[in-house]
file work_30.txt (compact mmCIF, C-alpha atoms and all ligand atoms)
# COMPACT_ATOMS: atom_id res chain seq x y z
CA MET A 1 133.53 -101.70 -44.61
CA PRO A 2 135.05 -101.51 -48.06
CA SER A 3 138.40 -103.18 -48.02
CA THR A 4 138.94 -104.44 -51.54
CA PRO A 5 140.44 -102.45 -54.42
CA PRO A 6 138.14 -100.67 -56.86
CA ILE A 7 136.30 -103.04 -59.15
CA ARG A 8 135.63 -102.36 -62.80
CA ILE A 9 133.36 -104.33 -65.12
CA GLN A 10 133.64 -103.70 -68.84
CA PRO A 11 131.80 -106.15 -71.06
CA HIS A 12 132.48 -106.14 -74.78
CA CYS A 13 129.96 -106.35 -77.60
CA SER A 14 129.74 -109.83 -79.11
CA VAL A 15 129.41 -108.34 -82.58
CA CYS A 16 131.92 -105.51 -82.80
CA ASP A 17 133.94 -105.89 -79.57
CA ALA A 18 133.17 -102.34 -78.44
CA ILE A 19 132.88 -101.77 -74.70
CA THR A 20 129.17 -101.87 -73.95
CA SER A 21 129.30 -100.28 -70.54
CA THR A 22 131.55 -99.51 -67.61
CA VAL A 23 130.68 -100.36 -64.04
CA ASP A 24 132.90 -99.04 -61.27
CA LEU A 25 132.59 -100.02 -57.65
CA THR A 26 134.71 -98.11 -55.19
CA GLY A 27 134.92 -97.90 -51.45
CA GLU A 28 134.55 -94.34 -50.33
CA GLU A 29 134.46 -93.04 -46.78
CA GLY A 30 133.33 -96.39 -45.52
CA ARG A 31 130.61 -96.73 -48.13
CA TRP A 32 130.34 -98.35 -51.54
CA ARG A 33 129.77 -96.15 -54.56
CA LEU A 34 128.49 -97.77 -57.74
CA VAL A 35 128.88 -95.87 -61.00
CA VAL A 36 127.24 -97.40 -64.05
CA ALA A 37 127.92 -95.89 -67.45
CA GLY A 38 125.66 -98.25 -69.29
CA LEU A 39 123.31 -98.13 -72.20
CA SER A 40 120.78 -95.96 -70.45
CA ARG A 41 122.98 -93.65 -68.40
CA SER A 42 126.20 -91.75 -68.68
CA ASP A 43 128.10 -89.30 -66.52
CA SER A 44 126.13 -90.45 -63.53
CA PRO A 45 127.62 -89.48 -60.18
CA GLY A 46 126.75 -92.94 -59.05
CA THR A 47 124.83 -94.24 -56.10
CA PHE A 48 125.79 -95.55 -52.71
CA ILE A 49 124.88 -99.18 -52.32
CA THR A 50 124.70 -101.64 -49.48
CA ASP A 51 127.40 -104.12 -48.56
CA GLU A 52 125.09 -106.85 -49.79
CA ARG A 53 124.73 -105.40 -53.27
CA ALA A 54 128.44 -104.56 -53.37
CA ALA A 55 129.15 -108.23 -52.77
CA ARG A 56 126.88 -109.14 -55.68
CA VAL A 57 128.58 -106.60 -57.96
CA THR A 58 131.94 -108.02 -56.92
CA ALA A 59 130.73 -111.49 -57.85
CA ALA A 60 129.49 -110.22 -61.22
CA ALA A 61 132.96 -108.88 -62.00
CA GLU A 62 134.40 -112.36 -62.10
CA ILE A 63 135.38 -113.52 -65.55
CA PRO A 64 133.86 -115.24 -67.41
CA TYR A 65 130.82 -113.06 -66.90
CA ASP A 66 127.76 -114.96 -65.88
CA GLU A 67 124.15 -114.02 -66.48
CA ASP A 68 122.93 -115.06 -63.05
CA ARG A 69 125.55 -112.96 -61.32
CA PHE A 70 124.80 -109.97 -63.54
CA TRP A 71 121.10 -110.34 -62.95
CA SER A 72 121.46 -110.57 -59.18
CA ALA A 73 123.71 -107.50 -59.20
CA GLY A 74 121.03 -105.63 -61.17
CA LEU A 75 123.43 -104.94 -64.02
CA ASP A 76 122.27 -107.18 -66.82
CA GLU A 77 120.36 -104.99 -69.24
CA ASP A 78 122.07 -101.75 -68.38
CA CYS A 79 125.34 -103.39 -69.37
CA GLY A 80 123.86 -104.41 -72.72
CA TYR A 81 123.36 -108.01 -71.79
CA CYS A 82 120.78 -110.05 -73.67
CA ILE A 83 119.76 -112.74 -71.24
CA ARG A 84 118.26 -114.85 -74.01
CA CYS A 85 121.33 -114.98 -76.31
CA PRO A 86 123.20 -114.89 -73.85
CA ALA A 87 125.67 -112.22 -74.90
CA PHE A 88 126.56 -108.56 -74.52
CA TYR A 89 125.84 -106.00 -77.21
CA CYS A 90 126.76 -102.35 -77.52
CA LYS A 91 124.21 -99.61 -78.00
CA ASP A 92 124.71 -99.68 -81.78
CA HIS A 93 123.80 -103.34 -81.92
CA TRP A 94 120.78 -103.01 -79.64
CA LYS A 95 118.82 -101.47 -82.46
CA ASN A 96 115.80 -99.71 -80.97
CA GLY A 97 115.86 -102.14 -78.10
CA TRP A 98 116.21 -105.30 -80.21
CA CYS A 99 119.33 -107.42 -80.01
CA PRO A 100 120.91 -108.69 -83.26
CA ARG A 101 119.11 -112.01 -82.83
CA GLY A 102 115.69 -110.44 -82.40
CA HIS A 103 115.15 -110.34 -78.66
CA LEU A 104 113.42 -107.32 -77.19
CA MET A 105 114.95 -105.61 -74.17
CA SER A 106 112.59 -104.79 -71.33
CA LEU A 107 114.23 -101.48 -70.49
CA SER A 108 112.76 -98.59 -72.43
CA PHE A 109 115.32 -95.89 -72.86
CA TRP A 110 115.50 -95.96 -76.65
ZN ZN B 1 128.52 -103.69 -81.19
ZN ZN B 2 119.36 -111.72 -77.81

call {"tool": "encode", "arguments": {"input": "work_30.txt", "output": "structure tokens", "more": "lines below"}}
Ligand SMILES: [Zn+2]
Ligand SMILES: [Zn+2]
result
Amino acid sequence: MPSTPPIRIQPHCSVCDAITSTVDLTGEEGRWRLVVAGLSRSDSPGTFITDERAARVTAAAEIPYDEDRFWSAGLDEDCGYCIRCPAFYCKDHWKNGWCPRGHLMSLSFW
């Protein structure tokens, strides 16, 4: 059962410091709702996730952000994270799916 306060993850772009994405995890009627306003999605109503994934999202919210925790929470690329830099970039700096240092993102929403 959800018992912790709402969790928000907001990474900043390593280049321009803009917020790359917003991840909100809230407990709602005994379930966990995950809302990701990332590079590929916006205004999503969110999805209900399992306790197990909620625990992984909670772990990913710990600062400093860590690539392994983001990856296991399934948030890495949607949040603008380049696993090879490793750093976050906003949509402006992921130019056509390439990070500023020339790494190609595997998601294809460009
Ligand atoms: Zn940027
Ligand atoms: Zn990169």

call {"tool": "closest_atom_pairs", "arguments": {"input": "work_30.txt", "of": "stretch 41-93 of chain A", "to": "stretch 11-28 of chain A", "cutoff": "7 Å", "atoms": "all atoms listed in the file", "output": "JSON lines"}}
result
{"residue": "A:Cys79", "atom": "CA", "partner": "A:Ser21", "partner_atom": "CA", "distance": 5.2}
{"residue": "A:Gly80", "atom": "CA", "partner": "A:Thr20", "partner_atom": "CA", "distance": 6.0}
{"residue": "A:Ala87", "atom": "CA", "partner": "A:Ser14", "partner_atom": "CA", "distance": 6.3}
{"residue": "A:Phe88", "atom": "CA", "partner": "A:Cys13", "partner_atom": "CA", "distance": 5.1}
{"residue": "A:Tyr89", "atom": "CA", "partner": "A:Cys13", "partner_atom": "CA", "distance": 4.2}
{"residue": "A:Cys90", "atom": "CA", "partner": "A:Thr20", "partner_atom": "CA", "distance": 4.3}
{"residue": "A:Lys91", "atom": "CA", "partner": "A:Thr20", "partner_atom": "CA", "distance": 6.8}

call {"tool": "write_last_selection", "arguments": {"input": "work_30.txt", "atoms": "C-alpha atoms", "output": "mmCIF file, in the frame of the given file"}}
result
data_model
loop_
_atom_site.group_PDB
_atom_site.id
_atom_site.type_symbol
_atom_site.label_atom_id
_atom_site.label_comp_id
_atom_site.auth_asym_id
_atom_site.auth_seq_id
_atom_site.Cartn_x
_atom_site.Cartn_y
_atom_site.Cartn_z
ATOM 1 C CA CYS A 79 125.340 -103.390 -69.370
ATOM 2 C CA GLY A 80 123.860 -104.410 -72.720
ATOM 3 C CA ALA A 87 125.670 -112.220 -74.900
ATOM 4 C CA PHE A 88 126.560 -108.560 -74.520
ATOM 5 C CA TYR A 89 125.840 -106.000 -77.210
ATOM 6 C CA CYS A 90 126.760 -102.350 -77.520
ATOM 7 C CA LYS A 91 124.210 -99.610 -78.000
#

call {"tool": "residues_near_ligand", "arguments": {"input": "work_30.txt", "ligand": "ligand ZN 2 (chain B)", "cutoff": "7 Å", "atoms": "only C-alpha atoms and all ligand atoms", "output": "list in words"}}
result
Cys82, Ile83, Arg84, Cys85, Pro86, Ala87, Cys99, Pro100, Arg101, Gly102 and His103 of chain A

call {"tool": "write_last_selection", "arguments": {"input": "work_30.txt", "atoms": "C-alpha atoms", "output": "short mmCIF file (atom, residue, chain, number, x, y, z; two decimals), in the coordinates of the input"}}
result
data_model
loop_
_atom_site.label_atom_id
_atom_site.label_comp_id
_atom_site.auth_asym_id
_atom_site.auth_seq_id
_atom_site.Cartn_x
_atom_site.Cartn_y
_atom_site.Cartn_z
CA CYS A 82 120.78 -110.05 -73.67
CA ILE A 83 119.76 -112.74 -71.24
CA ARG A 84 118.26 -114.85 -74.01
CA CYS A 85 121.33 -114.98 -76.31
CA PRO A 86 123.20 -114.89 -73.85
CA ALA A 87 125.67 -112.22 -74.90
CA CYS A 99 119.33 -107.42 -80.01
CA PRO A 100 120.91 -108.69 -83.26
CA ARG A 101 119.11 -112.01 -82.83
CA GLY A 102 115.69 -110.44 -82.40
CA HIS A 103 115.15 -110.34 -78.66
#

call {"tool": "closest_residue", "arguments": {"input": "work_30.txt", "among": "A:Ile63, A:Leu104, A:Leu39, A:Ile49", "to": "ligand ZN 1 (chain B)", "atoms": "all atoms listed in the file"}}
result
A:Leu39

call {"tool": "atom_distance", "arguments": {"input": "work_30.txt", "atom1": "atom CA of A:Val35", "atom2": "atom CA of A:Thr47"}}
result
6.6 Å

call {"tool": "residues_around", "arguments": {"input": "work_30.txt", "residues": "stretch 67-74 of chain A", "least_positions_apart": "6", "cutoff": "7 Å", "atoms": "only C-alpha atoms", "output": "NGL selection string"}}
result
:A and (53 or 56-57 or 59-60 or 83)

call {"tool": "atom_distance", "arguments": {"input": "work_30.txt", "atom1": "atom CA of A:Trp98", "atom2": "atom CA of A:Pro64"}}
result
24.0 Å

call {"tool": "closest_residue", "arguments": {"input": "work_30.txt", "among": "A:Thr58, A:Lys95, A:Asp76, A:Met105", "to": "ligand ZN 1 (chain B)", "atoms": "only C-alpha atoms and all ligand atoms"}}
result
A:Lys95

call {"tool": "atom_distance", "arguments": {"input": "work_30.txt", "atom1": "atom CA of A:Pro5", "atom2": "atom CA of A:Trp32"}}
result
11.3 Å

call {"tool": "closest_residue", "arguments": {"input": "work_30.txt", "among": "A:Ser44, A:Arg8, A:Asp78, A:Thr50", "to": "A:Glu62", "atoms": "all atoms listed in the file"}}
result
A:Arg8

call {"tool": "closest_residue", "arguments": {"input": "work_30.txt", "among": "A:Ala61, A:Asp51, A:Trp94, A:Ile9", "to": "ligand ZN 1 (chain B)", "atoms": "only C-alpha atoms and all ligand atoms"}}
result
A:Trp94

call {"tool": "closest_residue", "arguments": {"input": "work_30.txt", "among": "A:Pro6, A:Glu77, A:Ser106, A:His93", "to": "ligand ZN 1 (chain B)", "atoms": "only C-alpha atoms and all ligand atoms"}}
result
A:His93

call {"tool": "closest_residue", "arguments": {"input": "work_30.txt", "among": "A:Tyr81, A:Asp92, A:Gly97, A:Leu75", "to": "A:Ala54", "atoms": "all atoms listed in the file"}}
result
A:Leu75
